[in-house]
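Q: coords15.pdb is reproduced in full below (PDB, C-alpha atoms and all ligand atoms).
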ATOM      1  CA  MET Q   1      69.573  15.130 200.873
ATOM      2  CA  HIS Q   2      72.371  14.536 198.368
ATOM      3  CA  LEU Q   3      72.925  17.129 195.669
ATOM      4  CA  PRO Q   4      75.152  15.621 192.986
ATOM      5  CA  GLN Q   5      77.312  17.980 190.950
ATOM      6  CA  THR Q   6      77.470  17.735 187.175
ATOM      7  CA  VAL Q   7      80.620  18.679 185.327
ATOM      8  CA  GLU Q   8      80.067  17.179 181.884
ATOM      9  CA  PRO Q   9      80.874  19.651 179.089
ATOM     10  CA  ARG Q  10      77.758  20.167 177.035
ATOM     11  CA  ASN Q  11      78.520  22.797 174.425
ATOM     12  CA  PRO Q  12      80.166  21.356 171.306
ATOM     13  CA  GLY Q  13      80.548  24.844 169.829
ATOM     14  CA  MET Q  14      80.183  25.737 166.162
ATOM     15  CA  ASP Q  15      82.029  27.543 163.382
ATOM     16  CA  LEU Q  16      82.568  31.244 163.952
ATOM     17  CA  ASP Q  17      79.581  33.076 162.465
ATOM     18  CA  LEU Q  18      80.915  36.617 162.058
ATOM     19  CA  ASP Q  19      77.659  37.977 160.622
ATOM     20  CA  TRP Q  20      75.833  36.897 163.754
ATOM     21  CA  VAL Q  21      78.552  38.391 165.955
ATOM     22  CA  MET Q  22      78.432  41.728 164.143
ATOM     23  CA  ARG Q  23      74.624  41.830 164.318
ATOM     24  CA  ALA Q  24      74.777  41.531 168.118
ATOM     25  CA  GLN Q  25      73.792  44.813 169.699
ATOM     26  CA  ALA Q  26      72.993  45.944 173.222
ATOM     27  CA  ASN Q  27      70.444  48.677 173.766
ATOM     28  CA  THR Q  28      72.229  50.248 176.721
ATOM     29  CA  SER Q  29      69.398  52.411 178.026
ATOM     30  CA  ALA Q  30      66.816  49.600 177.809
ATOM     31  CA  ILE Q  31      69.232  47.191 179.502
ATOM     32  CA  GLU Q  32      69.967  49.681 182.271
ATOM     33  CA  ARG Q  33      66.250  50.329 182.833
ATOM     34  CA  ARG Q  34      65.545  46.622 183.162
ATOM     35  CA  ALA Q  35      68.559  46.138 185.446
ATOM     36  CA  ALA Q  36      67.421  49.002 187.678
ATOM     37  CA  GLN Q  37      63.956  47.440 187.893
ATOM     38  CA  LEU Q  38      65.440  44.058 188.843
ATOM     39  CA  GLY Q  39      67.755  45.610 191.408
ATOM     40  CA  THR Q  40      65.155  47.669 193.246
ATOM     41  CA  ARG Q  41      62.044  45.507 193.476
ATOM     42  CA  ARG Q  42      61.691  42.655 195.978
ATOM     43  CA  SER Q  43      63.058  39.701 194.011
ATOM     44  CA  VAL Q  44      61.584  36.841 196.050
ATOM     45  CA  LYS Q  45      58.658  36.737 198.473
ATOM     46  CA  LYS Q  46      59.903  36.644 202.034
ATOM     47  CA  GLU Q  47      58.418  33.237 202.849
ATOM     48  CA  TYR Q  48      60.314  31.626 199.950
ATOM     49  CA  GLN Q  49      63.656  33.277 200.564
ATOM     50  CA  ALA Q  50      65.225  30.498 202.643
ATOM     51  CA  ALA Q  51      64.527  27.944 199.897
ATOM     52  CA  TRP Q  52      66.077  30.251 197.314
ATOM     53  CA  LEU Q  53      69.093  30.864 199.535
ATOM     54  CA  LEU Q  54      69.649  27.110 199.867
ATOM     55  CA  LYS Q  55      69.579  26.938 196.080
ATOM     56  CA  ALA Q  56      72.124  29.771 195.996
ATOM     57  CA  VAL Q  57      74.459  27.788 198.268
ATOM     58  CA  THR Q  58      74.463  24.855 195.821
ATOM     59  CA  CYS Q  59      75.446  27.281 193.060
ATOM     60  CA  ILE Q  60      78.471  28.881 194.748
ATOM     61  CA  ASP Q  61      81.978  28.342 193.432
ATOM     62  CA  LEU Q  62      83.492  28.910 196.860
ATOM     63  CA  THR Q  63      86.613  30.842 196.023
ATOM     64  CA  THR Q  64      89.974  31.845 197.374
ATOM     65  CA  LEU Q  65      92.279  33.602 194.925
ATOM     66  CA  SER Q  66      94.813  35.413 197.055
ATOM     67  CA  GLY Q  67      98.560  35.732 196.834
ATOM     68  CA  ASP Q  68      98.830  34.486 200.397
ATOM     69  CA  ASP Q  69      96.702  31.336 199.942
ATOM     70  CA  THR Q  70      98.058  28.309 201.796
ATOM     71  CA  ALA Q  71      97.113  24.623 201.849
ATOM     72  CA  GLY Q  72      95.642  25.208 205.314
ATOM     73  CA  ARG Q  73      93.371  28.027 204.101
ATOM     74  CA  VAL Q  74      92.256  25.870 201.164
ATOM     75  CA  ARG Q  75      91.491  22.937 203.471
ATOM     76  CA  ARG Q  76      89.340  25.220 205.639
ATOM     77  CA  LEU Q  77      87.564  26.486 202.523
ATOM     78  CA  CYS Q  78      86.923  22.893 201.410
ATOM     79  CA  ALA Q  79      85.520  22.023 204.847
ATOM     80  CA  LYS Q  80      83.090  24.903 204.357
ATOM     81  CA  ALA Q  81      82.211  23.654 200.853
ATOM     82  CA  ARG Q  82      81.437  20.205 202.296
ATOM     83  CA  GLN Q  83      79.335  21.651 205.094
ATOM     84  CA  PRO Q  84      78.342  25.166 204.055
ATOM     85  CA  LEU Q  85      75.988  25.894 206.954
ATOM     86  CA  ARG Q  86      76.197  25.265 210.699
ATOM     87  CA  PRO Q  87      75.270  21.643 211.580
ATOM     88  CA  ASP Q  88      72.227  22.729 213.625
ATOM     89  CA  LEU Q  89      70.879  24.710 210.648
ATOM     90  CA  LEU Q  90      71.461  21.810 208.265
ATOM     91  CA  GLU Q  91      69.702  19.460 210.648
ATOM     92  CA  ALA Q  92      66.765  21.809 211.130
ATOM     93  CA  LEU Q  93      66.432  22.072 207.365
ATOM     94  CA  ASP Q  94      67.041  18.338 206.776
ATOM     95  CA  MET Q  95      69.754  19.352 204.303
ATOM     96  CA  GLN Q  96      72.716  17.368 205.662
ATOM     97  CA  GLY Q  97      74.019  16.580 202.138
ATOM     98  CA  LEU Q  98      74.076  20.228 201.080
ATOM     99  CA  THR Q  99      77.332  21.348 199.459
ATOM    100  CA  THR Q 100      78.524  24.288 197.417
ATOM    101  CA  GLY Q 101      78.775  23.867 193.641
ATOM    102  CA  ALA Q 102      82.587  23.796 193.544
ATOM    103  CA  VAL Q 103      85.719  25.181 195.120
ATOM    104  CA  CYS Q 104      87.733  27.625 193.005
ATOM    105  CA  VAL Q 105      91.484  28.105 193.504
ATOM    106  CA  TYR Q 106      94.773  28.884 191.769
ATOM    107  CA  HIS Q 107      96.729  26.024 190.175
ATOM    108  CA  GLU Q 108      99.102  25.545 193.113
ATOM    109  CA  MET Q 109      96.165  24.952 195.446
ATOM    110  CA  ILE Q 110      94.501  22.223 193.338
ATOM    111  CA  ALA Q 111      96.252  19.326 195.101
ATOM    112  CA  PRO Q 112      95.179  20.231 198.658
ATOM    113  CA  ALA Q 113      91.681  21.006 197.411
ATOM    114  CA  VAL Q 114      91.355  17.680 195.563
ATOM    115  CA  ALA Q 115      92.575  15.820 198.668
ATOM    116  CA  ALA Q 116      90.209  17.687 200.964
ATOM    117  CA  LEU Q 117      87.197  17.062 198.707
ATOM    118  CA  GLU Q 118      87.887  13.411 197.927
ATOM    119  CA  GLY Q 119      84.721  11.333 197.870
ATOM    120  CA  THR Q 120      82.393  14.331 198.048
ATOM    121  CA  GLY Q 121      81.681  14.825 194.330
ATOM    122  CA  ILE Q 122      82.466  18.525 194.752
ATOM    123  CA  PRO Q 123      84.610  19.548 191.774
ATOM    124  CA  VAL Q 124      87.722  21.679 192.007
ATOM    125  CA  ALA Q 125      87.778  24.615 189.610
ATOM    126  CA  ALA Q 126      91.109  26.235 188.779
ATOM    127  CA  VAL Q 127      91.616  29.700 187.365
ATOM    128  CA  SER Q 128      94.052  29.511 184.494
ATOM    129  CA  THR Q 129      95.700  31.055 181.420
ATOM    130  CA  GLY Q 130      97.656  33.668 183.328
ATOM    131  CA  PHE Q 131      94.723  34.729 185.510
ATOM    132  CA  PRO Q 132      93.790  37.517 186.026
ATOM    133  CA  ALA Q 133      95.379  39.505 183.138
ATOM    134  CA  GLY Q 134      95.791  36.612 180.685
ATOM    135  CA  LEU Q 135      98.901  38.166 179.192
ATOM    136  CA  SER Q 136     101.430  35.377 179.590
ATOM    137  CA  PRO Q 137     102.734  33.620 176.448
ATOM    138  CA  PHE Q 138     100.024  31.690 174.613
ATOM    139  CA  ASP Q 139     101.788  28.315 174.782
ATOM    140  CA  LEU Q 140     102.286  28.732 178.546
ATOM    141  CA  ARG Q 141      98.598  29.529 178.955
ATOM    142  CA  VAL Q 142      97.683  26.308 177.152
ATOM    143  CA  LYS Q 143     100.200  24.325 179.208
ATOM    144  CA  GLU Q 144      98.810  25.827 182.397
ATOM    145  CA  ILE Q 145      95.377  24.417 181.531
ATOM    146  CA  GLU Q 146      96.875  20.985 180.820
ATOM    147  CA  ALA Q 147      98.777  21.033 184.123
ATOM    148  CA  SER Q 148      95.664  21.968 186.078
ATOM    149  CA  VAL Q 149      93.607  19.211 184.436
ATOM    150  CA  ALA Q 150      96.408  16.720 185.191
ATOM    151  CA  ALA Q 151      96.414  17.899 188.820
ATOM    152  CA  GLY Q 152      92.734  17.026 189.144
ATOM    153  CA  ALA Q 153      90.790  20.196 188.308
ATOM    154  CA  LYS Q 154      87.447  19.266 186.776
ATOM    155  CA  GLU Q 155      86.627  22.837 185.814
ATOM    156  CA  ILE Q 156      88.948  25.424 184.297
ATOM    157  CA  ASP Q 157      88.185  29.139 184.460
ATOM    158  CA  ILE Q 158      90.156  30.715 181.597
ATOM    159  CA  VAL Q 159      90.585  34.435 181.002
ATOM    160  CA  ILE Q 160      90.181  35.761 177.488
ATOM    161  CA  SER Q 161      92.547  38.256 175.838
ATOM    162  CA  ARG Q 162      90.668  41.517 176.257
ATOM    163  CA  ARG Q 163      92.709  43.077 173.450
ATOM    164  CA  HIS Q 164      91.044  40.774 170.902
ATOM    165  CA  VAL Q 165      87.678  42.240 171.907
ATOM    166  CA  LEU Q 166      88.900  45.831 172.091
ATOM    167  CA  THR Q 167      90.392  45.590 168.578
ATOM    168  CA  GLY Q 168      87.420  43.663 167.167
ATOM    169  CA  ASN Q 169      89.593  40.666 166.320
ATOM    170  CA  TRP Q 170      86.825  38.080 166.734
ATOM    171  CA  GLN Q 171      88.683  35.419 164.794
ATOM    172  CA  ALA Q 172      91.623  35.652 167.221
ATOM    173  CA  LEU Q 173      89.273  35.435 170.191
ATOM    174  CA  TYR Q 174      87.532  32.412 168.665
ATOM    175  CA  ASP Q 175      90.832  30.652 167.884
ATOM    176  CA  GLU Q 176      92.175  31.317 171.385
ATOM    177  CA  MET Q 177      89.025  30.024 173.053
ATOM    178  CA  ARG Q 178      88.979  26.986 170.762
ATOM    179  CA  ALA Q 179      92.551  26.134 171.801
ATOM    180  CA  PHE Q 180      91.692  26.567 175.483
ATOM    181  CA  ARG Q 181      88.602  24.385 175.045
ATOM    182  CA  ALA Q 182      90.708  21.646 173.434
ATOM    183  CA  ALA Q 183      93.345  21.823 176.193
ATOM    184  CA  CYS Q 184      90.638  21.302 178.832
ATOM    185  CA  GLY Q 185      89.767  17.867 177.440
ATOM    186  CA  ALA Q 186      86.930  16.434 179.528
ATOM    187  CA  ALA Q 187      87.111  19.288 182.048
ATOM    188  CA  HIS Q 188      84.413  21.894 182.052
ATOM    189  CA  VAL Q 189      85.582  25.272 180.665
ATOM    190  CA  LYS Q 190      84.367  28.657 181.891
ATOM    191  CA  ALA Q 191      85.327  31.721 179.844
ATOM    192  CA  ILE Q 192      85.990  34.801 181.966
ATOM    193  CA  LEU Q 193      85.249  37.848 179.832
ATOM    194  CA  ALA Q 194      86.499  40.474 182.337
ATOM    195  CA  THR Q 195      83.534  42.589 181.271
ATOM    196  CA  GLY Q 196      84.693  45.643 183.234
ATOM    197  CA  GLU Q 197      87.541  45.935 180.723
ATOM    198  CA  LEU Q 198      85.605  45.365 177.491
ATOM    199  CA  GLY Q 199      84.530  48.954 176.911
ATOM    200  CA  SER Q 200      80.848  48.510 175.993
ATOM    201  CA  LEU Q 201      77.829  46.267 176.464
ATOM    202  CA  ARG Q 202      77.899  45.564 172.723
ATOM    203  CA  ASN Q 203      81.409  44.160 173.110
ATOM    204  CA  VAL Q 204      80.165  42.038 176.014
ATOM    205  CA  ALA Q 205      77.384  40.625 173.786
ATOM    206  CA  ARG Q 206      79.809  39.886 170.947
ATOM    207  CA  ALA Q 207      82.496  38.345 173.166
ATOM    208  CA  SER Q 208      79.847  36.165 174.825
ATOM    209  CA  LEU Q 209      78.686  34.811 171.463
ATOM    210  CA  VAL Q 210      82.214  34.186 170.184
ATOM    211  CA  CYS Q 211      83.233  32.274 173.323
ATOM    212  CA  MET Q 212      80.095  30.142 173.140
ATOM    213  CA  MET Q 213      80.670  29.435 169.438
ATOM    214  CA  ALA Q 214      84.188  28.294 170.392
ATOM    215  CA  GLY Q 215      82.801  25.820 172.934
ATOM    216  CA  ALA Q 216      82.705  27.547 176.328
ATOM    217  CA  ASP Q 217      80.566  25.575 178.798
ATOM    218  CA  PHE Q 218      80.049  28.686 180.925
ATOM    219  CA  ILE Q 219      80.564  32.370 180.386
ATOM    220  CA  LYS Q 220      81.706  34.282 183.465
ATOM    221  CA  THR Q 221      81.710  38.021 184.020
ATOM    222  CA  SER Q 222      84.909  38.801 185.870
ATOM    223  CA  THR Q 223      88.029  37.684 187.642
ATOM    224  CA  GLY Q 224      87.109  39.629 190.765
ATOM    225  CA  LYS Q 225      90.292  41.661 190.220
ATOM    226  CA  GLU Q 226      88.978  44.281 187.763
ATOM    227  CA  SER Q 227      87.829  47.632 189.116
ATOM    228  CA  VAL Q 228      84.287  46.843 187.866
ATOM    229  CA  ASN Q 229      83.160  43.239 188.264
ATOM    230  CA  ALA Q 230      79.711  41.586 188.035
ATOM    231  CA  THR Q 231      76.873  44.051 187.383
ATOM    232  CA  LEU Q 232      73.218  43.551 186.526
ATOM    233  CA  PRO Q 233      73.378  45.257 183.081
ATOM    234  CA  VAL Q 234      76.329  43.102 182.027
ATOM    235  CA  SER Q 235      74.540  40.037 183.380
ATOM    236  CA  LEU Q 236      71.427  40.780 181.342
ATOM    237  CA  VAL Q 237      73.488  41.087 178.178
ATOM    238  CA  MET Q 238      75.331  37.821 178.816
ATOM    239  CA  ILE Q 239      72.183  35.937 179.825
ATOM    240  CA  ARG Q 240      70.383  37.090 176.691
ATOM    241  CA  ALA Q 241      73.351  35.997 174.587
ATOM    242  CA  ILE Q 242      73.104  32.576 176.267
ATOM    243  CA  ARG Q 243      69.387  32.449 175.399
ATOM    244  CA  GLU Q 244      70.032  33.445 171.803
ATOM    245  CA  TYR Q 245      72.822  30.866 171.483
ATOM    246  CA  HIS Q 246      70.556  28.173 172.917
ATOM    247  CA  GLU Q 247      67.724  29.067 170.525
ATOM    248  CA  ARG Q 248      70.069  28.841 167.571
ATOM    249  CA  SER Q 249      72.308  25.871 168.517
ATOM    250  CA  GLY Q 250      70.276  23.918 171.054
ATOM    251  CA  ALA Q 251      73.254  23.963 173.458
ATOM    252  CA  ARG Q 252      72.836  25.197 177.017
ATOM    253  CA  VAL Q 253      75.712  27.352 178.228
ATOM    254  CA  GLY Q 254      76.002  28.214 181.906
ATOM    255  CA  TYR Q 255      76.362  31.634 183.489
ATOM    256  CA  LYS Q 256      78.722  32.668 186.309
ATOM    257  CA  PRO Q 257      78.578  36.180 187.718
ATOM    258  CA  ALA Q 258      81.703  36.759 189.808
ATOM    259  CA  GLY Q 259      83.414  39.488 191.735
ATOM    260  CA  GLY Q 260      81.969  41.570 194.543
ATOM    261  CA  ILE Q 261      78.843  39.469 195.130
ATOM    262  CA  SER Q 262      78.740  39.233 198.915
ATOM    263  CA  LYS Q 263      75.142  39.830 199.997
ATOM    264  CA  ALA Q 264      72.325  37.278 200.170
ATOM    265  CA  LYS Q 265      69.852  39.819 198.797
ATOM    266  CA  ASP Q 266      72.038  40.292 195.695
ATOM    267  CA  ALA Q 267      72.170  36.520 195.217
ATOM    268  CA  LEU Q 268      68.349  36.491 195.226
ATOM    269  CA  VAL Q 269      68.266  39.173 192.541
ATOM    270  CA  TYR Q 270      70.574  37.104 190.344
ATOM    271  CA  LEU Q 271      68.541  33.922 190.831
ATOM    272  CA  SER Q 272      65.298  35.668 190.063
ATOM    273  CA  MET Q 273      66.817  37.269 186.956
ATOM    274  CA  ILE Q 274      67.953  33.833 185.750
ATOM    275  CA  LYS Q 275      64.499  32.381 186.361
ATOM    276  CA  GLU Q 276      62.794  35.172 184.421
ATOM    277  CA  GLU Q 277      65.249  35.428 181.534
ATOM    278  CA  LEU Q 278      66.341  31.800 181.042
ATOM    279  CA  GLY Q 279      63.835  29.692 182.968
ATOM    280  CA  ASP Q 280      64.019  27.106 185.736
ATOM    281  CA  ARG Q 281      66.379  24.776 183.866
ATOM    282  CA  TRP Q 282      69.203  27.268 184.444
ATOM    283  CA  LEU Q 283      68.567  27.388 188.214
ATOM    284  CA  SER Q 284      70.928  24.515 188.778
ATOM    285  CA  PRO Q 285      74.656  24.221 189.588
ATOM    286  CA  ASP Q 286      75.359  22.662 186.206
ATOM    287  CA  LEU Q 287      74.169  25.879 184.516
ATOM    288  CA  PHE Q 288      74.546  28.616 187.091
ATOM    289  CA  ARG Q 289      77.291  29.514 189.569
ATOM    290  CA  PHE Q 290      78.215  32.454 191.714
ATOM    291  CA  GLY Q 291      81.956  33.092 191.816
ATOM    292  CA  ALA Q 292      82.285  34.386 195.333
ATOM    293  CA  SER Q 293      84.710  34.427 198.235
ATOM    294  CA  SER Q 294      82.469  36.063 200.829
ATOM    295  CA  LEU Q 295      78.828  35.432 199.883
ATOM    296  CA  LEU Q 296      78.327  32.272 201.927
ATOM    297  CA  GLY Q 297      78.673  33.969 205.325
ATOM    298  CA  ASP Q 298      75.827  36.386 204.642
ATOM    299  CA  ILE Q 299      73.633  33.602 203.235
ATOM    300  CA  GLU Q 300      74.241  31.572 206.392
ATOM    301  CA  ARG Q 301      73.224  34.553 208.561
ATOM    302  CA  GLN Q 302      70.066  35.135 206.520
ATOM    303  CA  ILE Q 303      69.071  31.453 206.585
ATOM    304  CA  GLU Q 304      69.521  31.412 210.343
ATOM    305  CA  HIS Q 305      67.326  34.485 210.573
ATOM    306  CA  HIS Q 306      64.652  32.833 208.432
ATOM    307  CA  ILE Q 307      64.499  29.493 210.190
ATOM    308  CA  THR Q 308      64.441  31.042 213.632
ATOM    309  CA  GLY Q 309      62.026  33.774 212.565
ATOM    310  CA  ALA Q 310      58.467  34.195 211.423
ATOM    311  CA  TYR Q 311      58.941  32.316 208.168
ATOM    312  CA  SER Q 312      60.288  29.075 209.594
ATOM    313  CA  ALA Q 313      57.319  26.975 208.453
ATOM    314  CA  ALA Q 314      57.676  27.964 204.833
ATOM    315  CA  TYR Q 315      61.258  27.162 203.909
ATOM    316  CA  ARG Q 316      60.298  23.991 202.019
ATOM    317  CA  HIS Q 317      58.008  25.802 199.640
ATOM    318  CA  PRO Q 318      58.954  25.500 195.989
ATOM    319  CA  MET Q 319      60.526  28.548 194.449
ATOM    320  CA  GLY Q 320      57.785  30.903 193.495
TER     321      GLY Q 320
HETATM  322  O1  LIG C   1      85.905  34.091 190.522
HETATM  323  C1  LIG C   1      85.652  34.531 191.613
HETATM  324  C2  LIG C   1      85.987  35.877 192.067
HETATM  325  O2  LIG C   1      87.358  36.102 192.012
HETATM  326  C3  LIG C   1      85.499  36.092 193.459
HETATM  327  O3  LIG C   1      85.435  37.455 193.690
HETATM  328  P1  LIG C   1      85.115  38.015 195.172
HETATM  329  O4  LIG C   1      86.345  37.699 195.981
HETATM  330  O5  LIG C   1      84.911  39.467 194.965
HETATM  331  O6  LIG C   1      83.914  37.314 195.709
END
Could you render the structure from this file as structure tokens?
Ligand SMILES: O=C[C@H](O)COP(=O)(O)O
A:
Amino acid sequence: MHLPQTVEPRNPGMDLDLDWVMRAQANTSAIERRAAQLGTRRSVKKEYQAAWLLKAVTCIDLTTLSGDDTAGRVRRLCAKARQPLRPDLLEALDMQGLTTGAVCVYHEMIAPAVAALEGTGIPVAAVSTGFPAGLSPFDLRVKEIEASVAAGAKEIDIVISRRHVLTGNWQALYDEMRAFRAACGAAHVKAILATGELGSLRNVARASLVCMMAGADFIKTSTGKESVNATLPVSLVMIRAIREYHERSGARVGYKPAGGISKAKDALVYLSMIKEELGDRWLSPDLFRFGASSLLGDIERQIEHHITGAYSAAYRHPMG
């Protein structure tokens, strides 16, 4: 089964609508109640879990973002992206063409990743713009994007300037994102909001809208380096901003929770939240990704458990 990856940008953006941005609110207690409900109930019936976990695999941006990354580590990561589960599991599931959604690395690791993924259709995503703090000079941040696109990255994960959000300078955030979008050219752009540093859910809602208005193809929670990374309340706020933006503009923007997602059961919660809040169209690697360095191992263990266990006959069932 071949699962082609799509990297076409799809959000043309729009003029900054400050009234809309300022109207954006987040009812913190209602959001937290809903998040608690999502986090504690069983998200997916047991007999369907293997099918959902296979879907999760296709949506992983398999990531290494460490100071001690080497070409060898990146090649091993790419081998895992090409064949994310053990061969016997893939054969049992008849999923030999299964791949992760992308591989995500720093700029210096793009070349070995591109070489290792040649001919697979798996895109290389590069973190950029002075990741993770985003505090290097603006012109260098733009040049970094251009260099990564020239090196073969098909997706660029930029970090926004948190200070623009914290000071309510929405025009500056919009202009910055617009410039990053332009520098990406045909590459797909994901805007990392670093939500753990934005101070409030209302700021998360407003920053999400501004980045989408400026043309972000995806909005992403975190770099993985903040002290608080992806959470369910933040995800609900961002997903609802995506829905609102789609209703108003017609454009579909993707969602990427990232940072600290390492358990298969958490992946199922995210997928079920996406299904309920945005619908099935978003349950696809072109509109949903997990940014994760250590999720795949647990998914592999859980899939093995499912196909060797009592639910082995049911893994082909549609998601329900
Ligand atoms: O963008 C991806 C994140 O940096 C990955 O975070 P993680 O290492 O906590 O999975």
Q: Per residue of chain Q within 6 Å of ligand LIG 1 (chain C), record the nearest atom pair and its distance in Å to one decimal, counting only C-alpha atoms and all ligand atoms, with rows in chain order and ascending residue number, as a Markdown table.
A:
| residue | atom | partner | partner_atom | distance |
| --- | --- | --- | --- | --- |
| Q:Thr63 | CA | C:LIG1 | C1 | 5.8 |
| Q:Thr223 | CA | C:LIG1 | O2 | 4.7 |
| Q:Gly224 | CA | C:LIG1 | O2 | 3.7 |
| Q:Ala258 | CA | C:LIG1 | C1 | 4.9 |
| Q:Gly259 | CA | C:LIG1 | O3 | 3.5 |
| Q:Gly260 | CA | C:LIG1 | O5 | 3.6 |
| Q:Ile261 | CA | C:LIG1 | O6 | 5.5 |
| Q:Gly291 | CA | C:LIG1 | C1 | 4.0 |
| Q:Ala292 | CA | C:LIG1 | O6 | 3.4 |
| Q:Ser293 | CA | C:LIG1 | O6 | 3.9 |
| Q:Ser294 | CA | C:LIG1 | O6 | 5.5 |
Q: Residues of the last selection are to be written out with C-alpha atoms, as an mmCIF file, in the frame of the given file.
A:
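And here's again-v1.cif as it stands now:
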data_model
loop_
_atom_site.group_PDB
_atom_site.id
_atom_site.type_symbol
_atom_site.label_atom_id
_atom_site.label_comp_id
_atom_site.auth_asym_id
_atom_site.auth_seq_id
_atom_site.Cartn_x
_atom_site.Cartn_y
_atom_site.Cartn_z
ATOM 1 C CA THR Q 63 86.613 30.842 196.023
ATOM 2 C CA THR Q 223 88.029 37.684 187.642
ATOM 3 C CA GLY Q 224 87.109 39.629 190.765
ATOM 4 C CA ALA Q 258 81.703 36.759 189.808
ATOM 5 C CA GLY Q 259 83.414 39.488 191.735
ATOM 6 C CA GLY Q 260 81.969 41.570 194.543
ATOM 7 C CA ILE Q 261 78.843 39.469 195.130
ATOM 8 C CA GLY Q 291 81.956 33.092 191.816
ATOM 9 C CA ALA Q 292 82.285 34.386 195.333
ATOM 10 C CA SER Q 293 84.710 34.427 198.235
ATOM 11 C CA SER Q 294 82.469 36.063 200.829
#
Q: Translate the PyMOL selection byres (((chain Q and resi 146) around 12) and not hetatm) into a concrete residue list for this structure, as a ChimeraX atom specification.
A: /Q:107,126,128-129,139-145,147-156,158,179-187
Q: Tell me which of Q:Leu173, Q:Ala133, Q:Leu62, Q:Val253 sits closest to Arg281 in chain Q, counting all atoms listed in the file.
A: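 Selected residue with least distance to Arg281 in chain Q: Q:Val253.
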Q: Measuring between all atoms listed in the file, which one of Q:Lys55, Q:Ser66, Q:Thr99, Q:Ser29 shows the shortest distance to Asp280 in chain Q?
A: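 Going through Q:Lys55, Q:Ser66, Q:Thr99, Q:Ser29 one by one, the smallest distance to Asp280 in chain Q is for Q:Lys55.
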Q: Identify all residues satisfying the PyMOL selection byres (((chain Q and resi 95) around 10) and not hetatm) in the given file; provide them as a ChimeraX atom specification.
A: /Q:1-3,54,83,85,87,89-94,96-99
Q: Name every residue that the PyMOL selection byres (((chain Q and resi 174) around 8) and not hetatm) selects in this structure, writing the answer as a short mmCIF file (atom, residue, chain, number, x, y, z; two decimals) with C-alpha atoms, in the coordinates of the input with chains first and numbers rising.
A:
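So the final result, stored in selection_7.cif, reads:
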data_model
loop_
_atom_site.label_atom_id
_atom_site.label_comp_id
_atom_site.auth_asym_id
_atom_site.auth_seq_id
_atom_site.Cartn_x
_atom_site.Cartn_y
_atom_site.Cartn_z
CA LEU Q 16 82.57 31.24 163.95
CA TRP Q 170 86.82 38.08 166.73
CA GLN Q 171 88.68 35.42 164.79
CA ALA Q 172 91.62 35.65 167.22
CA LEU Q 173 89.27 35.44 170.19
CA ASP Q 175 90.83 30.65 167.88
CA GLU Q 176 92.18 31.32 171.38
CA MET Q 177 89.02 30.02 173.05
CA ARG Q 178 88.98 26.99 170.76
CA VAL Q 210 82.21 34.19 170.18
CA CYS Q 211 83.23 32.27 173.32
CA MET Q 213 80.67 29.44 169.44
CA ALA Q 214 84.19 28.29 170.39
#
Q: Missing atoms in range 98-109 of chain Q should be modelled up to N, CA and C atoms and reported as a short mmCIF file (atom, residue, chain, number, x, y, z; two decimals), in the frame of the given file.
A:
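For reference, selection.cif as written:
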data_model
loop_
_atom_site.label_atom_id
_atom_site.label_comp_id
_atom_site.auth_asym_id
_atom_site.auth_seq_id
_atom_site.Cartn_x
_atom_site.Cartn_y
_atom_site.Cartn_z
N LEU Q 98 73.88 18.98 201.83
CA LEU Q 98 74.08 20.23 201.08
C LEU Q 98 75.56 20.54 200.91
N THR Q 99 75.95 20.90 199.70
CA THR Q 99 77.33 21.35 199.46
C THR Q 99 77.30 22.56 198.54
N THR Q 100 78.43 23.25 198.44
CA THR Q 100 78.52 24.29 197.42
C THR Q 100 78.73 23.62 196.05
N GLY Q 101 78.65 24.41 195.00
CA GLY Q 101 78.78 23.87 193.64
C GLY Q 101 80.18 23.39 193.34
N ALA Q 102 81.18 24.12 193.81
CA ALA Q 102 82.59 23.80 193.54
C ALA Q 102 83.44 24.62 194.49
N VAL Q 103 84.73 24.33 194.45
CA VAL Q 103 85.72 25.18 195.12
C VAL Q 103 86.63 25.72 194.02
N CYS Q 104 86.96 27.00 194.08
CA CYS Q 104 87.73 27.62 193.00
C CYS Q 104 89.03 28.20 193.55
N VAL Q 105 90.15 27.74 192.98
CA VAL Q 105 91.48 28.10 193.50
C VAL Q 105 92.47 28.33 192.35
N TYR Q 106 93.65 28.83 192.71
CA TYR Q 106 94.77 28.88 191.77
C TYR Q 106 95.37 27.48 191.59
N HIS Q 107 96.14 27.33 190.50
CA HIS Q 107 96.73 26.02 190.18
C HIS Q 107 97.46 25.38 191.36
N GLU Q 108 98.29 26.14 192.05
CA GLU Q 108 99.10 25.54 193.11
C GLU Q 108 98.26 25.00 194.26
N MET Q 109 97.03 25.39 194.34
CA MET Q 109 96.16 24.95 195.45
C MET Q 109 95.23 23.80 195.03
#
